[in-house]
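Enquirer: Please see the structure below; I have some questions.
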Amino acid sequence: MDMWEPFIRAVEKEVPDADIVHDKFHVSKYLGEAVDKVRRQEHKQLMAQGDKTLKGTRQLWLYNPQNFSAEQAEEFCTLKDLQLKVARAWAAKELFSKFWAYQEEGWARRFFKDWFGWVSRSRLKPMVQVAQMLKRHLDHLLTYLKHRITNAVTEGLNSKIQSLKAAARGFRNFRNYRTRILFFCGKLNLYPL
């Protein structure tokens, strides 16, 4: 689940013996948003000096480098070597992905402590804020190591449902909305027998 406090409180109240697992998707989302905030702040500062280094680079900092074209990979490699604040933020985000690979809680805690210390000293306020939030929820992040589950399928369906809702620009009644969801998300075989 997400790290939103009302979700956590509801689970703790209604299902007190349940293990709460904070999802990799949400952690990645928060880290990605922090990287983008750092990029926007730095871009604004650079533009004030007439420096267009970060102009048009947003997607490079947010995409997975494994999906880059050769041209994008070369451009990104050059950007990473320019001692930019956004490059440090991106490196912190990428480094955190190693957290999920740990098998033992003790090693994961040690990794987190080192990562948190590095990010805290980075003076990158958006990254520090996310690191502090992750620290507050560390026990529920570590629960992932026990269960190795995510809600990626649910998030994917929710995203698809939201796009159906937006494309329709509203529904007159819930029945039509439900039918559209079932039609597009139900994986129905509509071919004649």
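If you're wondering about the labels, chains in the structure tokens are A, B, ... by order shown, residues count from 1 in each chain, ligands from 1 in order shown.
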Using only C-alpha atoms, which residues sit within 12 Å of region 139-148 of chain A once same-chain residues fewer than 4 positions away are excluded, as an MDAnalysis selection string?

Expert: chainID A and resid 1:3 8 18:27 96 99:112 133:135 152

Enquirer: If you keep C-alpha atoms, can you produce a file of those selected residues as a PDB file, in the first residue's frame?

Expert:
ATOM      1  CA  MET A   1       0.000   0.000   0.000  1.00  0.00           C
ATOM      2  CA  ASP A   2       0.881   3.646  -0.266  1.00  0.00           C
ATOM      3  CA  MET A   3       2.412   5.450   2.737  1.00  0.00           C
ATOM      4  CA  ILE A   8      -2.178   2.692   7.457  1.00  0.00           C
ATOM      5  CA  ALA A  18      -1.974  -7.853   8.983  1.00  0.00           C
ATOM      6  CA  ASP A  19       1.515  -7.042   7.741  1.00  0.00           C
ATOM      7  CA  ILE A  20       1.689  -3.730   5.930  1.00  0.00           C
ATOM      8  CA  VAL A  21       3.952  -3.739   2.891  1.00  0.00           C
ATOM      9  CA  HIS A  22       4.780  -0.414   1.279  1.00  0.00           C
ATOM     10  CA  ASP A  23       4.938  -0.868  -2.437  1.00  0.00           C
ATOM     11  CA  LYS A  24       8.037  -0.376  -4.598  1.00  0.00           C
ATOM     12  CA  PHE A  25       5.881   1.513  -7.095  1.00  0.00           C
ATOM     13  CA  HIS A  26       4.990   4.220  -4.581  1.00  0.00           C
ATOM     14  CA  VAL A  27       8.542   4.577  -3.287  1.00  0.00           C
ATOM     15  CA  PHE A  96      17.745   3.117  -3.465  1.00  0.00           C
ATOM     16  CA  PHE A  99      17.186  -1.875  -1.171  1.00  0.00           C
ATOM     17  CA  TRP A 100      14.621  -4.239  -2.679  1.00  0.00           C
ATOM     18  CA  ALA A 101      17.222  -6.892  -3.516  1.00  0.00           C
ATOM     19  CA  TYR A 102      18.279  -7.573   0.083  1.00  0.00           C
ATOM     20  CA  GLN A 103      17.290 -10.912   1.591  1.00  0.00           C
ATOM     21  CA  GLU A 104      18.092 -10.132   5.216  1.00  0.00           C
ATOM     22  CA  GLU A 105      16.463  -7.335   7.211  1.00  0.00           C
ATOM     23  CA  GLY A 106      19.696  -6.438   9.018  1.00  0.00           C
ATOM     24  CA  TRP A 107      21.578  -5.828   5.775  1.00  0.00           C
ATOM     25  CA  ALA A 108      18.668  -3.828   4.384  1.00  0.00           C
ATOM     26  CA  ARG A 109      18.610  -1.662   7.525  1.00  0.00           C
ATOM     27  CA  ARG A 110      22.338  -1.045   7.236  1.00  0.00           C
ATOM     28  CA  PHE A 111      21.963  -0.125   3.553  1.00  0.00           C
ATOM     29  CA  PHE A 112      19.094   2.235   4.396  1.00  0.00           C
ATOM     30  CA  MET A 133       9.325   9.950   4.901  1.00  0.00           C
ATOM     31  CA  LEU A 134      10.905   6.596   3.999  1.00  0.00           C
ATOM     32  CA  LYS A 135      12.672   6.520   7.359  1.00  0.00           C
ATOM     33  CA  ALA A 152       1.522  -3.335  -9.357  1.00  0.00           C
TER      34      ALA A 152
END

Enquirer: Let me make sure I understand: among A:Lys98, A:Lys80, A:Lys44, A:Lys29, which one has the smallest atom-to-atom distance to Trp115 (chain A) if we use only C-alpha atoms?

Expert: A:Lys98

Enquirer: Please report the interatomic distance between CA of Glu71 (chain A) and CA of Thr53 (chain A) in Å with one decimal.

Expert: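 Going from CA of Glu71 (chain A) over to CA of Thr53 (chain A) covers 16.3 Å.
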
Enquirer: Considering only helix (DSSP H, G or I) as DSSP defines it on the backbone, what residues of chain A qualify? List them as a PyMOL selection string.

Expert: chain A and resi 5-14+24-48+58-62+65-67+70-80+85-101+105-120+125-136+138-147+152-168+174-185

Enquirer: Within 12 Å of Leu164 (chain A), counting only C-alpha atoms, which residues qualify if same-chain residues fewer than 4 places away don't, as a VMD selection string?

Expert: chain A and resid 157 to 160 168 to 171 176 to 185

Enquirer: Next, the residues of the selection above should be written as a PDB file, in the first residue's frame with C-alpha atoms.

Expert:
ATOM      1  CA  LEU A 157      -5.816  -1.501 -13.432  1.00  0.00           C
ATOM      2  CA  ASN A 158      -6.494   1.714 -11.531  1.00  0.00           C
ATOM      3  CA  SER A 159      -4.492   3.665 -14.093  1.00  0.00           C
ATOM      4  CA  LYS A 160      -6.439   2.065 -16.940  1.00  0.00           C
ATOM      5  CA  ALA A 168     -15.343   9.393 -21.524  1.00  0.00           C
ATOM      6  CA  ARG A 169     -15.437  12.845 -19.897  1.00  0.00           C
ATOM      7  CA  GLY A 170     -17.897  11.548 -17.335  1.00  0.00           C
ATOM      8  CA  PHE A 171     -20.716   9.033 -17.145  1.00  0.00           C
ATOM      9  CA  ASN A 176     -22.407   2.598 -17.726  1.00  0.00           C
ATOM     10  CA  TYR A 177     -19.083   3.307 -15.983  1.00  0.00           C
ATOM     11  CA  ARG A 178     -18.998  -0.232 -14.574  1.00  0.00           C
ATOM     12  CA  THR A 179     -19.818  -1.738 -17.973  1.00  0.00           C
ATOM     13  CA  ARG A 180     -16.988   0.184 -19.619  1.00  0.00           C
ATOM     14  CA  ILE A 181     -14.525  -0.947 -16.924  1.00  0.00           C
ATOM     15  CA  LEU A 182     -15.587  -4.582 -17.313  1.00  0.00           C
ATOM     16  CA  PHE A 183     -15.419  -4.330 -21.101  1.00  0.00           C
ATOM     17  CA  PHE A 184     -11.904  -2.877 -21.241  1.00  0.00           C
ATOM     18  CA  CYS A 185     -10.374  -4.481 -18.139  1.00  0.00           C
TER      19      CYS A 185
END
